[in-house]
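Have a look at query30.csv; it's CSV, C-alpha atoms:
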```csv
chain,number,residue,atom,x,y,z
A,57,VAL,CA,184.9,137.8,161.6
A,58,PHE,CA,184.3,141.3,160.2
A,59,VAL,CA,184.3,142.8,163.7
A,60,VAL,CA,187.6,141.1,164.6
A,61,ILE,CA,189.2,142.2,161.3
A,62,VAL,CA,188.2,145.8,161.9
A,63,THR,CA,188.6,146.0,165.6
A,64,VAL,CA,192.0,144.4,166.2
A,65,PRO,CA,194.0,146.5,163.7
A,66,THR,CA,192.2,149.7,164.9
A,67,ALA,CA,193.0,148.9,168.6
A,68,ALA,CA,196.6,148.1,167.7
A,69,ALA,CA,197.0,151.4,165.9
A,70,LEU,CA,195.5,153.4,168.7
A,71,LEU,CA,197.7,151.6,171.3
A,72,GLY,CA,200.9,151.7,169.3
A,73,ALA,CA,200.7,155.2,167.7
A,74,PRO,CA,203.3,157.6,169.0
A,75,SER,CA,200.8,160.5,168.6
A,76,LEU,CA,197.0,160.1,168.5
A,77,ARG,CA,196.6,163.6,167.2
A,78,LYS,CA,198.9,162.9,164.3
A,79,LEU,CA,197.2,159.6,163.7
A,80,SER,CA,193.7,161.2,163.6
A,81,THR,CA,194.8,163.8,161.0
A,82,ASP,CA,196.9,161.6,158.8
A,83,PRO,CA,195.3,160.9,155.4
A,84,ALA,CA,197.1,157.5,155.3
A,85,ALA,CA,197.1,156.7,159.0
A,86,MET,CA,197.6,152.9,158.9
A,87,THR,CA,200.2,152.9,156.2
A,88,ASN,CA,202.3,155.7,157.7
A,89,LEU,CA,202.0,154.2,161.2
A,90,VAL,CA,203.4,150.9,160.1
A,91,SER,CA,206.2,152.6,158.1
A,92,SER,CA,207.1,154.7,161.0
A,93,LEU,CA,207.5,151.6,163.2
A,94,GLY,CA,210.2,150.3,160.8
A,95,ALA,CA,208.2,148.0,158.6
A,96,GLY,CA,208.5,149.6,155.2
A,97,ARG,CA,207.5,146.5,153.1
A,98,LEU,CA,204.6,145.8,155.4
A,99,GLY,CA,203.4,149.4,154.9
A,100,THR,CA,203.5,148.8,151.1
A,101,PHE,CA,201.6,145.6,151.5
A,102,ILE,CA,199.0,147.4,153.7
A,103,THR,CA,198.6,150.1,151.0
A,104,LEU,CA,197.9,147.4,148.3
A,105,ALA,CA,195.5,145.6,150.6
A,106,ILE,CA,193.6,148.8,151.3
A,107,VAL,CA,193.4,149.5,147.5
A,108,VAL,CA,192.0,145.9,146.9
A,109,ALA,CA,189.6,146.3,149.9
A,110,ILE,CA,188.3,149.6,148.6
A,111,PHE,CA,187.8,148.1,145.1
A,112,ASN,CA,186.0,145.1,146.5
A,113,ALA,CA,183.8,147.4,148.6
A,114,LEU,CA,182.9,149.5,145.6
A,115,VAL,CA,181.9,146.4,143.6
A,116,ALA,CA,179.8,145.2,146.5
A,117,ASN,CA,178.1,148.5,147.0
A,118,ILE,CA,177.3,148.8,143.3
A,119,MET,CA,175.8,145.4,143.3
A,120,GLY,CA,174.0,146.0,146.6
A,121,PHE,CA,172.5,149.4,145.8
A,122,GLY,CA,171.8,148.2,142.2
A,123,ARG,CA,169.5,145.6,143.7
A,124,VAL,CA,167.9,148.2,145.9
A,125,LEU,CA,167.1,150.3,142.8
A,126,TRP,CA,165.9,147.1,141.0
A,127,SER,CA,163.6,146.2,143.9
A,128,GLY,CA,162.1,149.7,143.9
A,129,ALA,CA,161.4,149.4,140.2
A,130,ARG,CA,160.0,145.9,140.6
A,131,ASP,CA,157.7,147.3,143.3
A,132,GLN,CA,156.5,150.0,141.0
A,133,VAL,CA,158.0,152.9,142.9
A,134,LEU,CA,159.0,154.9,139.8
A,135,PRO,CA,156.9,156.0,136.9
A,136,GLN,CA,156.7,153.9,133.7
A,137,PRO,CA,158.7,153.2,131.5
A,138,VAL,CA,161.5,153.7,134.0
A,139,ASN,CA,160.3,150.8,136.1
A,140,GLY,CA,160.4,148.5,133.0
A,141,TRP,CA,164.0,149.5,132.2
A,142,LEU,CA,165.4,149.1,135.7
A,143,GLU,CA,163.7,145.8,136.6
A,144,ALA,CA,165.3,144.1,133.6
A,145,VAL,CA,167.2,140.9,134.6
A,146,HIS,CA,170.0,139.4,132.6
A,147,PRO,CA,168.7,136.2,131.0
A,148,ARG,CA,171.9,134.3,131.6
A,149,TYR,CA,173.4,135.6,134.9
A,150,CYS,CA,170.0,136.6,136.5
A,151,THR,CA,171.4,139.9,137.7
A,152,PRO,CA,169.8,143.4,137.6
A,153,TRP,CA,172.3,144.6,135.0
A,154,VAL,CA,170.6,147.8,134.0
A,155,ALA,CA,170.2,149.0,137.7
A,156,CYS,CA,173.8,148.1,138.4
A,157,ILE,CA,175.0,150.1,135.4
A,158,VAL,CA,172.9,153.1,136.5
A,159,MET,CA,174.4,153.0,140.0
A,160,ALA,CA,177.9,152.7,138.6
A,161,ALA,CA,177.4,155.6,136.3
A,162,ALA,CA,176.0,157.7,139.1
A,163,GLY,CA,179.0,156.8,141.3
A,164,ALA,CA,181.4,157.7,138.5
A,165,PHE,CA,179.7,161.0,137.9
A,166,SER,CA,179.8,161.9,141.6
A,167,LEU,CA,183.5,160.9,141.8
A,168,PHE,CA,184.6,163.0,138.9
A,169,SER,CA,182.4,166.0,139.7
A,170,SER,CA,183.0,166.2,143.5
A,171,ALA,CA,185.9,166.2,145.9
A,172,ILE,CA,186.6,162.8,147.4
A,173,THR,CA,186.6,164.2,151.0
A,174,GLY,CA,183.1,165.7,150.4
A,175,LEU,CA,181.8,162.3,149.2
A,176,VAL,CA,183.3,160.5,152.2
A,177,THR,CA,181.8,162.9,154.7
A,178,LEU,CA,178.4,162.9,152.9
A,179,MET,CA,178.3,159.1,152.8
A,180,GLY,CA,179.1,159.2,156.6
A,181,VAL,CA,176.0,161.3,157.2
A,182,ILE,CA,173.9,159.1,154.9
A,183,THR,CA,175.0,156.0,156.8
A,184,LEU,CA,174.2,157.7,160.1
A,185,VAL,CA,170.6,158.5,158.9
A,186,PHE,CA,170.2,155.0,157.4
A,187,MET,CA,171.3,153.1,160.4
A,188,SER,CA,169.3,155.4,162.7
A,189,LEU,CA,166.1,154.6,160.8
A,190,MET,CA,166.9,150.9,161.2
A,191,CYS,CA,167.2,151.4,165.0
A,192,VAL,CA,163.9,153.3,165.0
A,193,ALA,CA,162.3,150.4,163.0
A,194,ALA,CA,163.7,147.9,165.5
A,195,LEU,CA,162.1,149.8,168.3
A,196,ARG,CA,158.7,150.3,166.6
A,197,ILE,CA,158.2,146.8,165.2
A,198,ARG,CA,158.7,145.3,168.7
A,199,LEU,CA,155.9,147.5,170.0
A,200,MET,CA,153.4,146.4,167.3
A,201,ARG,CA,150.8,144.0,168.4
A,202,ASP,CA,150.8,142.0,165.2
A,203,ALA,CA,154.5,142.1,164.7
A,204,PRO,CA,156.2,138.9,163.5
A,205,ARG,CA,157.7,136.9,166.3
A,206,ARG,CA,160.2,134.9,164.3
A,207,TYR,CA,163.1,136.9,165.5
A,208,LEU,CA,163.5,138.9,168.7
A,209,MET,CA,166.5,141.1,169.2
A,210,PRO,CA,168.6,140.2,172.2
A,211,LEU,CA,169.0,143.0,174.8
A,212,TRP,CA,166.1,145.0,173.3
A,213,PRO,CA,165.7,147.9,173.6
A,214,PHE,CA,169.2,148.6,174.9
A,215,VAL,CA,171.0,148.0,171.6
A,216,PRO,CA,169.0,150.3,169.4
A,217,LEU,CA,168.8,153.0,172.0
A,218,ALA,CA,172.6,152.8,172.6
A,219,VAL,CA,173.3,153.0,168.9
A,220,LEU,CA,170.9,155.9,168.5
A,221,THR,CA,172.6,157.8,171.3
A,222,SER,CA,176.0,157.2,169.8
A,223,PHE,CA,174.8,158.3,166.4
A,224,ALA,CA,173.3,161.5,167.9
A,225,LEU,CA,176.7,162.3,169.3
A,226,MET,CA,178.4,161.6,166.0
A,227,ALA,CA,175.9,163.7,164.1
A,228,THR,CA,177.0,166.8,166.0
A,229,SER,CA,180.4,166.6,164.4
A,230,GLN,CA,179.2,166.5,160.8
A,231,THR,CA,179.3,169.5,158.5
A,232,ALA,CA,176.3,171.6,158.0
A,233,LYS,CA,176.5,171.1,154.2
A,234,ASP,CA,176.3,167.4,154.4
A,235,VAL,CA,173.4,167.5,156.9
A,236,LEU,CA,171.5,170.0,154.6
A,237,ILE,CA,172.0,167.7,151.6
A,238,VAL,CA,170.5,164.7,153.5
A,239,LEU,CA,167.6,166.8,154.8
A,240,VAL,CA,166.8,168.1,151.4
A,241,THR,CA,166.9,164.6,150.0
A,242,ALA,CA,164.6,163.3,152.8
A,243,VAL,CA,162.1,166.1,152.3
A,244,THR,CA,162.1,165.5,148.5
A,245,ALA,CA,161.5,161.8,149.1
A,246,THR,CA,158.7,162.5,151.5
A,247,ILE,CA,157.0,164.9,149.1
A,248,TYR,CA,157.3,162.3,146.3
A,249,TYR,CA,155.7,159.7,148.6
A,250,LEU,CA,152.8,161.9,149.6
A,251,ALA,CA,152.1,163.4,146.2
A,252,TYR,CA,152.8,160.4,143.9
A,253,LEU,CA,153.0,157.1,145.7
A,254,ARG,CA,150.4,157.3,148.4
A,255,PRO,CA,147.5,158.4,146.1
A,256,ARG,CA,148.3,155.4,143.9
A,257,SER,CA,148.9,152.9,146.8
A,258,ARG,CA,147.1,150.1,145.0
A,259,THR,CA,149.3,150.2,142.0
A,260,LYS,CA,152.5,151.9,143.2
A,261,TRP,CA,155.0,150.6,145.8
A,262,VAL,CA,153.2,147.2,145.9
A,263,MET,CA,155.5,144.9,147.8
A,264,LEU,CA,156.3,141.7,145.9
A,265,GLY,CA,157.4,138.4,147.2
A,266,ALA,CA,160.3,136.2,146.1
A,267,VAL,CA,160.5,134.9,142.5
A,268,GLU,CA,159.3,131.3,142.3
A,269,GLU,CA,159.8,130.8,138.6
A,270,PRO,CA,161.4,132.9,135.8
A,271,GLY,CA,159.0,135.5,134.5
A,272,GLU,CA,156.7,135.3,137.5
A,273,TRP,CA,156.3,137.4,140.7
A,274,VAL,CA,154.4,136.8,143.8
A,275,ARG,CA,152.4,140.0,144.4
A,276,ALA,CA,150.9,140.6,147.9
A,277,THR,CA,147.3,141.5,147.9
A,278,PRO,CA,146.1,144.3,150.2
A,279,GLU,CA,145.2,141.7,152.8
A,280,GLY,CA,148.5,139.8,152.4
A,281,ALA,CA,150.4,143.1,152.5
A,282,ALA,CA,148.9,143.8,155.9
A,283,LEU,CA,149.0,140.3,157.4
A,284,GLY,CA,151.8,138.7,155.4
A,285,THR,CA,149.7,135.6,154.7
A,286,THR,CA,147.8,136.1,151.4
A,287,ALA,CA,149.5,136.2,148.0
A,288,GLU,CA,148.5,136.0,144.4
A,289,ARG,CA,150.6,135.1,141.4
A,290,VAL,CA,151.1,137.8,138.8
A,291,GLU,CA,152.7,137.1,135.4
A,292,GLY,CA,155.8,139.2,135.0
```
Could you quickly redo this structure as structure tokens?
Amino acid sequence: VFVVIVTVPTAAALLGAPSLRKLSTDPAAMTNLVSSLGAGRLGTFITLAIVVAIFNALVANIMGFGRVLWSGARDQVLPQPVNGWLEAVHPRYCTPWVACIVMAAAGAFSLFSSAITGLVTLMGVITLVFMSLMCVAALRIRLMRDAPRRYLMPLWPFVPLAVLTSFALMATSQTAKDVLIVLVTAVTATIYYLAYLRPRSRTKWVMLGAVEEPGEWVRATPEGAALGTTAERVEG
């Protein structure tokens, strides 16, 4: 459904635009295209729909990345007492409310302290790197002898290789500033892992299983972490 919703309007715009060059440089391409074709009210409706879609995407991202931050705190990635603050769950709604507030505050600070175009291009580079790492993981896990066989990607390895190739081509058109920011972030994360997490591998970044009951976690033992079969219950 998502592919159809995105692909059909985009294809219609590309085929119906009087000028592809103007379409590619227009800051409000879809709205202005519809208005230029004589559908003024439809252009207004599309503008409102875009505003609602962006708001919905922001809410979804805050909740999604808030849960990523919460899971990192739950797995003891950060020092104490930061982990304790971020892994707090609302007693009524069962949501990681502290982590979501932190992500919302970080997003608001970035929005008010940076240009919107810079944030958009930076998020583009971050998305490229993130999805590229997923493709690399899809290639590597299939080559592991003890890899789980519950799901095998169709057309492997064509799909991850094709996506990596397209991402490599797209990366050449990104700004040097955005690429530098992502590289510095990646290097900083690597240093943090090697200097802080790895020497404390038995107590830090310990992967936890799903919550079975309120107040309890299922913590993987070293054997379970390697094989995915052994677990012990730890009081939260």
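Residues in contact range of stretch 221-231 of chain A, defined as at most 9 Å between all atoms listed in the file, with sequence neighbours fewer than 5 positions away removed, read Thr177, Leu178, Gly180, Val181, Leu184, Val185, Met187, Ser188, Pro216 and Leu236 of chain A.
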Kindly export the residues of the current selection with C-alpha atoms, as a CSV table (one decimal), keeping the file's coordinate frame.
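Written output follows (again.csv):
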```csv
chain,number,residue,atom,x,y,z
A,177,THR,CA,181.8,162.9,154.7
A,178,LEU,CA,178.4,162.9,152.9
A,180,GLY,CA,179.1,159.2,156.6
A,181,VAL,CA,176.0,161.3,157.2
A,184,LEU,CA,174.2,157.7,160.1
A,185,VAL,CA,170.6,158.5,158.9
A,187,MET,CA,171.3,153.1,160.4
A,188,SER,CA,169.3,155.4,162.7
A,216,PRO,CA,169.0,150.3,169.4
A,236,LEU,CA,171.5,170.0,154.6
```
Interface rows for stretch 88-137 of chain A against stretch 159-173 of chain A: nearest pair, Å to one decimal, 8 Å, all atoms listed in the file, as JSON lines:
```
{"residue": "A:Ile118", "atom": "CA", "partner": "A:Met159", "partner_atom": "CA", "distance": 6.1}
{"residue": "A:Phe121", "atom": "CA", "partner": "A:Met159", "partner_atom": "CA", "distance": 7.1}
{"residue": "A:Gly122", "atom": "CA", "partner": "A:Met159", "partner_atom": "CA", "distance": 5.9}
```
Selection near A:Leu199, 12 Å with only C-alpha atoms, sequence-local residues under 6 positions removed, as a tab-separated table (two decimals) with C-alpha atoms, in the frame of the given file:
```tsv
chain	number	residue	atom	x	y	z
A	192	VAL	CA	163.90	153.30	165.00
A	193	ALA	CA	162.30	150.40	163.00
A	205	ARG	CA	157.70	136.90	166.30
A	208	LEU	CA	163.50	138.90	168.70
A	212	TRP	CA	166.10	145.00	173.30
A	213	PRO	CA	165.70	147.90	173.60
```
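Our summary of the geometry notes that atom CA of A:Ile157 is positioned 28.3 Å from atom CA of A:Thr103.
Distance check against A:Trp261 using all atoms listed in the file: of A:Gly120, A:Pro210, A:Pro135, A:Gly140, the minimum falls on A:Pro135.
The space between atom CA of A:Ala242 and atom CA of A:Phe186 spans 11.0 Å.
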Excluding stretch 149-153 of chain A and its own-chain neighbours fewer than 5 positions away, which residues fall within 8 Å of it when counting only C-alpha atoms? Please give them as an mmCIF file with C-alpha atoms, in the frame of the given file.
```
data_model
loop_
_atom_site.group_PDB
_atom_site.id
_atom_site.type_symbol
_atom_site.label_atom_id
_atom_site.label_comp_id
_atom_site.auth_asym_id
_atom_site.auth_seq_id
_atom_site.Cartn_x
_atom_site.Cartn_y
_atom_site.Cartn_z
ATOM 1 C CA GLY A 122 171.800 148.200 142.200
ATOM 2 C CA ARG A 123 169.500 145.600 143.700
ATOM 3 C CA TRP A 126 165.900 147.100 141.000
ATOM 4 C CA LEU A 142 165.400 149.100 135.700
ATOM 5 C CA GLU A 143 163.700 145.800 136.600
ATOM 6 C CA ALA A 144 165.300 144.100 133.600
#
```
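Atom CA of A:Val262 lies 25.8 Å from atom CA of A:Val238.
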